[in-house]
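Structure, as structure tokens:
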Amino acid sequence: MGEHILVLDAGTTSTRAILFAADGTLVRTAQRELTQHYPRPGWVEHDAGEIWDKTLACAREAIGDDGACVAAIGITNQRETVVAWDRTSGEPLARAIVWQDRRTADFCATLKESGQEAEVQARTGLLLDPYFSATKMRWLLDNDEAVRGANERGDLAFGTVESWLVFKLAQGAHVSDASNASRTLLLPLDEGQFDAGLCDLFGVPRSSLPRVVDTHGPLAECSSEWFGRAIPICGLVGDQQSATIGQACLVPGETKATYGTGAFVLTNNGAAIPRSTHRLLGTVLCQTNGQRIYAIEGAAFVAGSLIQWLRDGLGLIASAAETEELARSIPDSGEVLIVPALAGLGAPHWLPEARGVIAGLSFASGRAQLARAALEAMAHQTHDLAAAFAADGAPWSMLRIDGGMAANDWMAQDLADMLGIAVERPDFVETTALGAAFCAAVGAGLYPTLDDAAQAMRGAARCFSPRIDEAARAERLVRWRKALAAV
Ligand code: ADP
């Protein structure tokens with residue numbers, strides 16, 4: 001048996017395959033872009049057949065001639081996205097509804113108005129928002145004839161993206177791991193399987209759902225048809241949980257923030273079920289032998305997309321990286337402050353209808369001030385999340401960052417300054433893929449625990465220590481709160 005780990009990272013904009021050696025060294029990667037379908041405003045769809053075809057092609061490319069070396073497969077994926085397929089033919093019945101899709105906003109509002117949210121949150125750790133999977137499944141049943149017909153024949157299979165990929169790889173296994181299942185609104189945080197009462201509430205037939213399995217262990221077997229020999233699938237984990245594991249946040253209180261298009265923050269909550277009173281989410285971080293570790297999660301909708309908007313919407317910068325040099329070119333933002341609510345405000349505010357604000361403009365305001373204010377907004381948003389996590393009993397002692405924006409040294413330093421804690425950035429920034437590699441390595445028995453895998457497979461990191469004084473920090477937060485009140 002080989003000692004390489006093949007990770008399939010089925011993301012939102014692209015799907016990738018990454019071959020790791022057992023010491024965490026990257027051997028080979030392959031990547032394909034995914035077609036984004038936007039049939040109406042607020043709707044986002046993927047072709048599940050394309051996800052499968054491109055993931056398989058990437059896997060074959062990454063494995064190359066090393067098929068015999070692969071000890072195990074790990075899968076990490078865009079979460080909450082719903083695939084509906086026919087379990088007899090193995091073909092998708094409709095386009096997959098992507099996590100960003102808002103088409104079920106009215107259904108969520110109706111459920112909220114009927115007073116369901118408190119109980120749903122207590123049981124699942126989630127809020128009634130179109131983001132999560134259950135209302136997307138219900139929408140497909142209500143609106144797609146093929147899905148409805150398959151349900152009547154008893155052939156309907158629903159799943160999130162890892163579930164779909166395992167079904168294809170393992171030729172018929174219908175499973176979902178607990179970290180992905182905990183994003184559906186159908187899995188109680190303290191129960192092993194999807195709940196009949198929650199299925200009734202959202203109108204999703206329990207018979208269409210997968211069996212919930214661990215995030216690491218012997219989970220399924222990839223058929224020899226695909227890579228010339230059968231390979232065990234030993235890790236399945238949603239992308240944000242995977243990045244948390246890849247950042248080795250394996251002890252309660254350890255926290256990571258991923259700054260990509262949006263910003264996702266997760267704090268390890270240990271074996272205790274999170275009970276947020278500050279509109280944060282509770283979610284399964286990982287599960288082995290049925291034993292769960294939980295996480296508290298908060299997301300800001302707009303992070304790197306603000307920088308993209310400065311570049312593509314305003315034409316203010318030529319590249320995202322240019323913001324760093326602009327921010328460094330001035331001593332402060334000249335009172336310019338941006339509330340990046342261009343797509344609403346996420347946790348802990350949850351104001352989806354909010355819109356952005358640029359405050360404090362004067363004739364002295366130019367490109368540099370706007371670029372700096374955009375980067376400063378990341379620390380302001382993260383500061384609000386930190387306060388909510390602390391109020392929920394999960395204060396951060398340091399923050400591990402990743403994602404495309406984390407490459408910005410100025411932003412990393414500003415985060416440390418505004419949060420007043422050390423900020424650490426790993427040299428190897430593919431933390432999402434790395435987390436799934438840890439899971440698969442442990443699941444295959446290469447290492448006894450995730451901790452051991454992290455010690456063996458994780459590289460060095462750079463640390464940013466807080467530098468600015470309390471008064472400067474407080475002054476910025478006052479202006480942030482004032483501007484926030486105006487959205
Ligand atoms: P995603 O996985 O959500 O597609 P990535 O993690 O690839 O996103 O991050 C890309 C985002 O990071 C883009 O929105 C881009 O504007 C931003 N970004 C990339 N490099 C920098 C940089 N040096 N400074 C600031 N923002 C950056």
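Ligands are numbered from 1 in the order shown, residues from 1 within each chain, and chains are lettered A, B, ... in the order they appear in the structure tokens.
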Non-local contacts of Thr267 in chain A (12 Å; only C-alpha atoms; under 3 positions in same chain excluded) as number ranges by chain: A: 240-241, 243-245, 247-258, 264, 270, 274, 280-285, 293-299, 385-386, 388-390, 392-400
Contact residues around Ala173 in chain A with only C-alpha atoms at 10 Å, ignoring same-chain residues under 3 positions, as a list in words: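 Contacts, with the query itself left out: Arg87, Ser163, Trp164, Leu165, Val166, Phe167, Lys168, Leu169, Ala170, Ser176, Pro210, Arg211, Leu219, Ala220, Glu221 and Cys222 of chain A.
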DSSP-assigned strand (DSSP E) members of range 440-478 of chain A, reported as a PyMOL selection string: chain A and resi 461-464
Residue contacts of Val82 in chain A (7 Å, only C-alpha atoms) excluding same-chain residues fewer than 4 positions away, as a list in words: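 Listed by chain and then number, they are Ala96, Ile97, Val98, Ser133, Lys136, Met137, Phe158, Gly159, Thr160 and Val161 of chain A.
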Using only C-alpha atoms and all ligand atoms, which residues of chain A come within 6 Å of ligand 1, and what is the closest atom pair for each, with the distance in Å to one decimal? Give it as JSON lines, sorted by chain and residue number.
```
{"residue": "A:Gly260", "atom": "CA", "partner": "ligand 1", "partner_atom_place_in_ligand_line": "8 (O)", "distance": 3.5}
{"residue": "A:Thr261", "atom": "CA", "partner": "ligand 1", "partner_atom_place_in_ligand_line": "3 (O)", "distance": 3.7}
{"residue": "A:Gly304", "atom": "CA", "partner": "ligand 1", "partner_atom_place_in_ligand_line": "14 (O)", "distance": 3.3}
{"residue": "A:Ser305", "atom": "CA", "partner": "ligand 1", "partner_atom_place_in_ligand_line": "14 (O)", "distance": 4.2}
{"residue": "A:Ile307", "atom": "CA", "partner": "ligand 1", "partner_atom_place_in_ligand_line": "16 (O)", "distance": 4.5}
{"residue": "A:Gln308", "atom": "CA", "partner": "ligand 1", "partner_atom_place_in_ligand_line": "16 (O)", "distance": 4.3}
{"residue": "A:Ala320", "atom": "CA", "partner": "ligand 1", "partner_atom_place_in_ligand_line": "21 (C)", "distance": 4.6}
{"residue": "A:Ala321", "atom": "CA", "partner": "ligand 1", "partner_atom_place_in_ligand_line": "23 (N)", "distance": 3.4}
{"residue": "A:Thr323", "atom": "CA", "partner": "ligand 1", "partner_atom_place_in_ligand_line": "24 (N)", "distance": 5.9}
{"residue": "A:Gly403", "atom": "CA", "partner": "ligand 1", "partner_atom_place_in_ligand_line": "6 (O)", "distance": 3.7}
{"residue": "A:Gly404", "atom": "CA", "partner": "ligand 1", "partner_atom_place_in_ligand_line": "9 (O)", "distance": 3.3}
{"residue": "A:Met405", "atom": "CA", "partner": "ligand 1", "partner_atom_place_in_ligand_line": "27 (C)", "distance": 3.8}
{"residue": "A:Ala407", "atom": "CA", "partner": "ligand 1", "partner_atom_place_in_ligand_line": "23 (N)", "distance": 5.1}
{"residue": "A:Asn408", "atom": "CA", "partner": "ligand 1", "partner_atom_place_in_ligand_line": "23 (N)", "distance": 4.3}
```
DSSP-assigned alpha helix (DSSP H) among range 148-354 of chain A, expressed as JSON, numbers by chain: {"A": [148, 149, 150, 151, 152, 153, 161, 162, 163, 164, 165, 166, 167, 168, 169, 178, 179, 180, 181, 196, 197, 198, 199, 200, 201, 202, 224, 225, 226, 227, 239, 240, 241, 242, 243, 244, 245, 246, 304, 305, 306, 307, 308, 322, 323, 324, 325, 326, 327, 328]}
Using C-alpha atoms, can you export the residues from the last selection as an mmCIF file, in the first residue's frame?
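See selection_15.cif below for the written result:
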```cif
data_model
loop_
_atom_site.group_PDB
_atom_site.id
_atom_site.type_symbol
_atom_site.label_atom_id
_atom_site.label_comp_id
_atom_site.auth_asym_id
_atom_site.auth_seq_id
_atom_site.Cartn_x
_atom_site.Cartn_y
_atom_site.Cartn_z
ATOM 1 C CA ARG A 148 -40.747 14.900 -7.676
ATOM 2 C CA GLY A 149 -41.109 11.917 -10.016
ATOM 3 C CA ALA A 150 -37.980 10.241 -8.643
ATOM 4 C CA ASN A 151 -39.305 10.742 -5.133
ATOM 5 C CA GLU A 152 -42.599 9.065 -6.059
ATOM 6 C CA ARG A 153 -40.694 6.097 -7.537
ATOM 7 C CA VAL A 161 -21.349 17.712 -2.818
ATOM 8 C CA GLU A 162 -19.164 15.232 -0.868
ATOM 9 C CA SER A 163 -22.143 12.878 -0.758
ATOM 10 C CA TRP A 164 -22.568 13.115 -4.544
ATOM 11 C CA LEU A 165 -18.867 12.461 -5.159
ATOM 12 C CA VAL A 166 -18.812 9.444 -2.848
ATOM 13 C CA PHE A 167 -21.916 8.057 -4.581
ATOM 14 C CA LYS A 168 -20.075 8.248 -7.906
ATOM 15 C CA LEU A 169 -16.671 7.066 -6.636
ATOM 16 C CA ALA A 178 -21.346 14.820 10.046
ATOM 17 C CA SER A 179 -19.619 18.147 9.268
ATOM 18 C CA ASN A 180 -21.519 18.532 5.995
ATOM 19 C CA ALA A 181 -24.719 17.050 7.420
ATOM 20 C CA ALA A 196 -37.686 12.838 11.321
ATOM 21 C CA GLY A 197 -39.271 15.906 12.969
ATOM 22 C CA LEU A 198 -36.928 18.338 11.224
ATOM 23 C CA CYS A 199 -37.467 16.495 7.930
ATOM 24 C CA ASP A 200 -41.230 16.989 8.395
ATOM 25 C CA LEU A 201 -40.812 20.671 9.238
ATOM 26 C CA PHE A 202 -38.900 21.341 6.009
ATOM 27 C CA SER A 224 -11.304 0.124 -9.004
ATOM 28 C CA GLU A 225 -13.023 1.410 -12.144
ATOM 29 C CA TRP A 226 -11.716 4.944 -11.614
ATOM 30 C CA PHE A 227 -8.037 4.661 -10.715
ATOM 31 C CA ASP A 239 -14.417 23.179 3.473
ATOM 32 C CA GLN A 240 -14.508 25.520 6.481
ATOM 33 C CA GLN A 241 -14.205 22.703 8.989
ATOM 34 C CA SER A 242 -11.388 21.288 6.875
ATOM 35 C CA ALA A 243 -9.484 24.599 6.967
ATOM 36 C CA THR A 244 -9.956 24.671 10.756
ATOM 37 C CA ILE A 245 -8.425 21.201 11.015
ATOM 38 C CA GLY A 246 -5.718 22.130 8.464
ATOM 39 C CA GLY A 304 -11.903 39.845 -0.705
ATOM 40 C CA SER A 305 -14.921 40.741 -2.834
ATOM 41 C CA LEU A 306 -14.561 44.321 -1.540
ATOM 42 C CA ILE A 307 -11.045 44.434 -2.957
ATOM 43 C CA GLN A 308 -12.334 42.912 -6.181
ATOM 44 C CA GLU A 322 -1.670 46.732 -4.845
ATOM 45 C CA THR A 323 -3.828 47.564 -1.794
ATOM 46 C CA GLU A 324 -0.896 46.659 0.432
ATOM 47 C CA GLU A 325 1.477 49.216 -1.067
ATOM 48 C CA LEU A 326 -1.280 51.876 -1.074
ATOM 49 C CA ALA A 327 -2.118 51.240 2.594
ATOM 50 C CA ARG A 328 1.542 51.552 3.550
#
```
Long-range neighbours of Ile73 in chain A as JSON, numbers by chain, 12 Å cut-off, only C-alpha atoms, 3 positions minimum in chain: {"A": [2, 3, 4, 5, 6, 7, 8, 9, 17, 18, 19, 20, 59, 63, 67, 69, 70, 76, 162, 165, 166, 169, 170, 216, 217, 218, 219, 220, 221, 222, 223, 227, 230, 231, 232, 233, 234, 235, 236, 237, 433, 436, 437, 438, 439, 440, 441, 442, 443, 444]}
Straight-line distance linking CA of Arg292 in chain A with CA of Pro348 in chain A, stated in Å to one decimal: 24.9 Å
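With CA of Val120 in chain A on one side and CA of Leu189 in chain A on the other, the separation reads 10.6 Å.
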Contacts of Cys108 in chain A at 10 Å (only C-alpha atoms; same-chain gap of 4+ positions) as a list of chain:residue names: A:Arg102, A:Arg103, A:Thr104, A:Lys112, A:Glu113, A:Ser114, A:Gln116, A:Glu117, A:Leu127, A:Leu128, A:Asp129, A:Pro130, A:Tyr131, A:Thr135, A:Phe202
